[in-house]
Amino acid sequence: MTYELFPGNTADIKTLEPAMLRLKEQFDLDQMIVVTDAGMLSQENLSLLQSLGCDFVVAARLRSLNQVHTKAIVGEQSWTMLSTGRKVSEHTLGGRRLILRYCPKKAARDVHTRDQAVEKVKKRLAQGVKGVGRSGRFLKVDPQGVRLDEAAIARDQNYDGLHGVWTSLKDMTPEQVYTHYGELWRIEEGFRVMKHTMAVRPMFHWVERRVRAHVAICFVAFALLRILCHRYNTLFGAKQRLSEGQILAELSQVQASLIRDRGTDAEYLLPSKARDEAIRLYHAVGQKLPRQTVLFKPGSTA
């Protein structure tokens with residue numbers, strides 16, 4: 001695992017090139033498959049990945065396709081049904097491979113989201129308010145005034161349940177390509193753990209070297225937490241799997257009282273009763289959680 005830091009005002013789409021060049025320098029990799037969401041999508045970035053010899057699976061912005069490509073994906077087409085209940089189809093647009101996936105649950109969610117947006121537009125129009133945020137894509141402004149854009153609603157319905165990815169992987173089936181794309185959730189989960197569970201933000205530093213040091217410490221802690229999570233779930237996952245947040249909660253309950261003998265000035269650690277999960281967490285990294293009072297020696301891990 002590795003990471004790269006950029007100034008806060010750097011657009012996501014501008015971070016791919018320096019990050020990829022650094023990866024190429026840092027690691028000797030025979031093959032790289034870059035998986036990203038649509039935030040990294042640009043023709044320049046796709047060309048960059050190809051020039052570096054990297055394969056890619058990148059989420060497509062279906063609503064941003066030109067009219068010719070749009071007709072190819074929203075019309076009648078041949079679908080392949082998957083065991084998951086979803087179906088996929090494949091297209092070659094502009095010399096690139098585009099794989100579409102249709103999911104009934106996503107279709108229902110898209111319909112619900114659009115219905116809410118349309119109701120919001122109607123309500124705001126009735127109140128005489130023109131600004132309706134993202135729902136404004138369903139507005140039509142012309143010399144006659146501002147009104148609901150029925151044509152835009154109809155166009156939006158064409159994308160219900162659809163998701164697409166651009167890929168350079170030619171020897172993989174659409175299902176295999178989407179399996180790679182599905183792994184993106186691990187990165188997104190990592191961001192959530194770093195930002196929320198480990199509270200990497202807010203950070204109260206203004207000097208760059210201290211910001212970098214803060215993030216480096218948090219990243220090392222995150223890497224250790226991920227390793228511990230993997231080891232625990234490998235050894236004991238059949239009985240009970242733990243998430244990173246649950247692991248931190250369990251370890252926070254491991255406590256001990258420091259007791260001093262007034263006669264000898266010796267100090268002892270009196271551990272509190274540990275839960276079974278905490279005992280197994282220590283075992284996962286080859287450590288034994290003390291259960292009895294032990295002599296405290298400064299610098300000792302006991």
# chains A, B, ... in the order shown; residues from 1 in each chain; ligands from 1
$ residues_around --residues "region 264-272 of chain A" --least-positions-apart "4" --cutoff "7 Å" --atoms "only C-alpha atoms" --output "list in words"
Gln255, Ala256, Ser257, Leu258, Ile259, Arg260, Pro290, Arg291, Gln292, Thr293, Val294, Leu295 and Phe296 of chain A
$ atom_distance --atom1 "CA of Val177 (chain A)" --atom2 "CA of Leu65 (chain A)"
20.8 Å
$ closest_residue --among "A:Arg226, A:His163, A:Arg61, A:Lys24" --to "Ala107 (chain A)" --atoms "only C-alpha atoms"
A:His163
$ closest_residue --among "A:Lys87, A:Arg114, A:His283, A:Arg96" --to "Ser168 (chain A)" --atoms "only C-alpha atoms"
A:Arg96
$ residues_around --residues "Leu148 (chain A)" --least-positions-apart "6" --cutoff "10 Å" --atoms "only C-alpha atoms" --output "list in words"
Val118, Val121, Lys122, Leu125, Gly136, Arg137, Phe138, Leu139, Lys140 and Val141 of chain A
$ write_last_selection --atoms "N, CA, C and O atoms" --output "tab-separated table (two decimals), in the first residue's frame"
chain	number	residue	atom	x	y	z
A	118	VAL	N	-38.09	15.60	-9.42
A	118	VAL	CA	-39.17	16.23	-10.18
A	118	VAL	C	-40.17	16.89	-9.23
A	118	VAL	O	-40.63	18.02	-9.48
A	121	VAL	N	-38.73	20.09	-8.07
A	121	VAL	CA	-38.82	21.13	-9.09
A	121	VAL	C	-40.23	21.71	-9.14
A	121	VAL	O	-40.43	22.93	-9.18
A	122	LYS	N	-41.23	20.84	-9.13
A	122	LYS	CA	-42.62	21.31	-9.19
A	122	LYS	C	-42.95	22.20	-8.00
A	122	LYS	O	-43.61	23.24	-8.14
A	125	LEU	N	-41.12	25.55	-8.39
A	125	LEU	CA	-41.74	26.37	-9.44
A	125	LEU	C	-43.05	26.98	-8.95
A	125	LEU	O	-43.38	28.13	-9.27
A	136	GLY	N	-32.10	21.07	-11.23
A	136	GLY	CA	-32.30	22.02	-12.32
A	136	GLY	C	-32.15	21.41	-13.69
A	136	GLY	O	-32.54	22.03	-14.69
A	137	ARG	N	-31.58	20.21	-13.79
A	137	ARG	CA	-31.47	19.57	-15.10
A	137	ARG	C	-32.83	19.21	-15.67
A	137	ARG	O	-32.95	18.89	-16.86
A	138	PHE	N	-33.86	19.25	-14.84
A	138	PHE	CA	-35.22	18.98	-15.31
A	138	PHE	C	-36.00	20.27	-15.54
A	138	PHE	O	-37.22	20.24	-15.64
A	139	LEU	N	-35.29	21.39	-15.62
A	139	LEU	CA	-35.92	22.67	-15.90
A	139	LEU	C	-35.65	23.07	-17.35
A	139	LEU	O	-34.60	22.77	-17.91
A	140	LYS	N	-36.60	23.77	-17.92
A	140	LYS	CA	-36.42	24.32	-19.27
A	140	LYS	C	-36.68	25.82	-19.21
A	140	LYS	O	-37.71	26.27	-18.70
A	141	VAL	N	-35.70	26.58	-19.70
A	141	VAL	CA	-35.81	28.04	-19.70
A	141	VAL	C	-35.88	28.51	-21.15
A	141	VAL	O	-35.00	28.21	-21.96
$ closest_residue --among "A:Arg280, A:Arg101, A:Arg22, A:Lys297" --to "Lys239 (chain A)" --atoms "only C-alpha atoms"
A:Arg280
$ residues_around --residues "region 70-75 of chain A" --least-positions-apart "3" --cutoff "8 Å" --atoms "only C-alpha atoms" --output "MDAnalysis selection string"
chainID A and resid 62:63 65:67 91 100 158:159
$ write_last_selection --atoms "N, CA, C and O atoms" --output "PDB file, in the first residue's frame"
ATOM      1  N   LEU A  62     -22.135   8.065 -18.571  1.00  0.00           N
ATOM      2  CA  LEU A  62     -23.012   7.706 -19.684  1.00  0.00           C
ATOM      3  C   LEU A  62     -23.801   8.903 -20.202  1.00  0.00           C
ATOM      4  O   LEU A  62     -24.020   9.035 -21.409  1.00  0.00           O
ATOM      5  N   ARG A  63     -24.226   9.776 -19.311  1.00  0.00           N
ATOM      6  CA  ARG A  63     -25.037  10.919 -19.735  1.00  0.00           C
ATOM      7  C   ARG A  63     -24.223  11.968 -20.487  1.00  0.00           C
ATOM      8  O   ARG A  63     -24.799  12.884 -21.070  1.00  0.00           O
ATOM      9  N   LEU A  65     -22.047  11.138 -22.951  1.00  0.00           N
ATOM     10  CA  LEU A  65     -21.676  10.629 -24.267  1.00  0.00           C
ATOM     11  C   LEU A  65     -22.333  11.456 -25.366  1.00  0.00           C
ATOM     12  O   LEU A  65     -23.408  12.041 -25.167  1.00  0.00           O
ATOM     13  N   ASN A  66     -21.694  11.489 -26.534  1.00  0.00           N
ATOM     14  CA  ASN A  66     -22.296  12.229 -27.641  1.00  0.00           C
ATOM     15  C   ASN A  66     -23.527  11.493 -28.169  1.00  0.00           C
ATOM     16  O   ASN A  66     -23.820  10.361 -27.766  1.00  0.00           O
ATOM     17  N   GLN A  67     -24.251  12.118 -29.077  1.00  0.00           N
ATOM     18  CA  GLN A  67     -25.532  11.574 -29.529  1.00  0.00           C
ATOM     19  C   GLN A  67     -25.382  10.216 -30.207  1.00  0.00           C
ATOM     20  O   GLN A  67     -26.200   9.314 -29.999  1.00  0.00           O
ATOM     21  N   HIS A  91     -19.899  -2.808 -25.995  1.00  0.00           N
ATOM     22  CA  HIS A  91     -19.865  -1.934 -27.164  1.00  0.00           C
ATOM     23  C   HIS A  91     -18.439  -1.469 -27.408  1.00  0.00           C
ATOM     24  O   HIS A  91     -17.620  -1.417 -26.483  1.00  0.00           O
ATOM     25  N   LEU A 100     -21.553  -2.221 -20.430  1.00  0.00           N
ATOM     26  CA  LEU A 100     -22.725  -1.744 -19.704  1.00  0.00           C
ATOM     27  C   LEU A 100     -23.247  -2.835 -18.788  1.00  0.00           C
ATOM     28  O   LEU A 100     -23.205  -4.020 -19.128  1.00  0.00           O
ATOM     29  N   ASN A 158     -33.891   6.807 -19.876  1.00  0.00           N
ATOM     30  CA  ASN A 158     -33.116   5.847 -20.673  1.00  0.00           C
ATOM     31  C   ASN A 158     -31.963   5.227 -19.893  1.00  0.00           C
ATOM     32  O   ASN A 158     -31.465   4.158 -20.263  1.00  0.00           O
ATOM     33  N   TYR A 159     -31.530   5.903 -18.824  1.00  0.00           N
ATOM     34  CA  TYR A 159     -30.351   5.440 -18.086  1.00  0.00           C
ATOM     35  C   TYR A 159     -30.712   4.719 -16.789  1.00  0.00           C
ATOM     36  O   TYR A 159     -29.815   4.355 -16.027  1.00  0.00           O
TER      37      TYR A 159
END
$ atom_distance --atom1 "CA of Ile187 (chain A)" --atom2 "CA of Met1 (chain A)"
10.6 Å
$ select_by_dssp --residues "region 62-273 of chain A" --states "alpha helix (DSSP H)" --output "VMD selection string"
chain A and resid 67 to 74 104 to 126 150 to 157 174 to 182 184 to 192 208 to 236 244 to 252
$ atom_distance --atom1 "CA of Ala60 (chain A)" --atom2 "CA of Leu41 (chain A)"
7.3 Å
$ select_by_dssp --residues "region 41-138 of chain A" --states "strand (DSSP E)" --output "VMD selection string"
chain A and resid 55 to 59 80 to 81 87 to 93 96 to 102
$ residues_around --residues "Ala249 (chain A)" --least-positions-apart "4" --cutoff "12 Å" --atoms "only C-alpha atoms" --output "list in words"
Thr197, Met198, Leu242, Ser243, Glu244, Gly245, Gln253, Val254, Arg275, Glu277, Ala278 and Leu281 of chain A
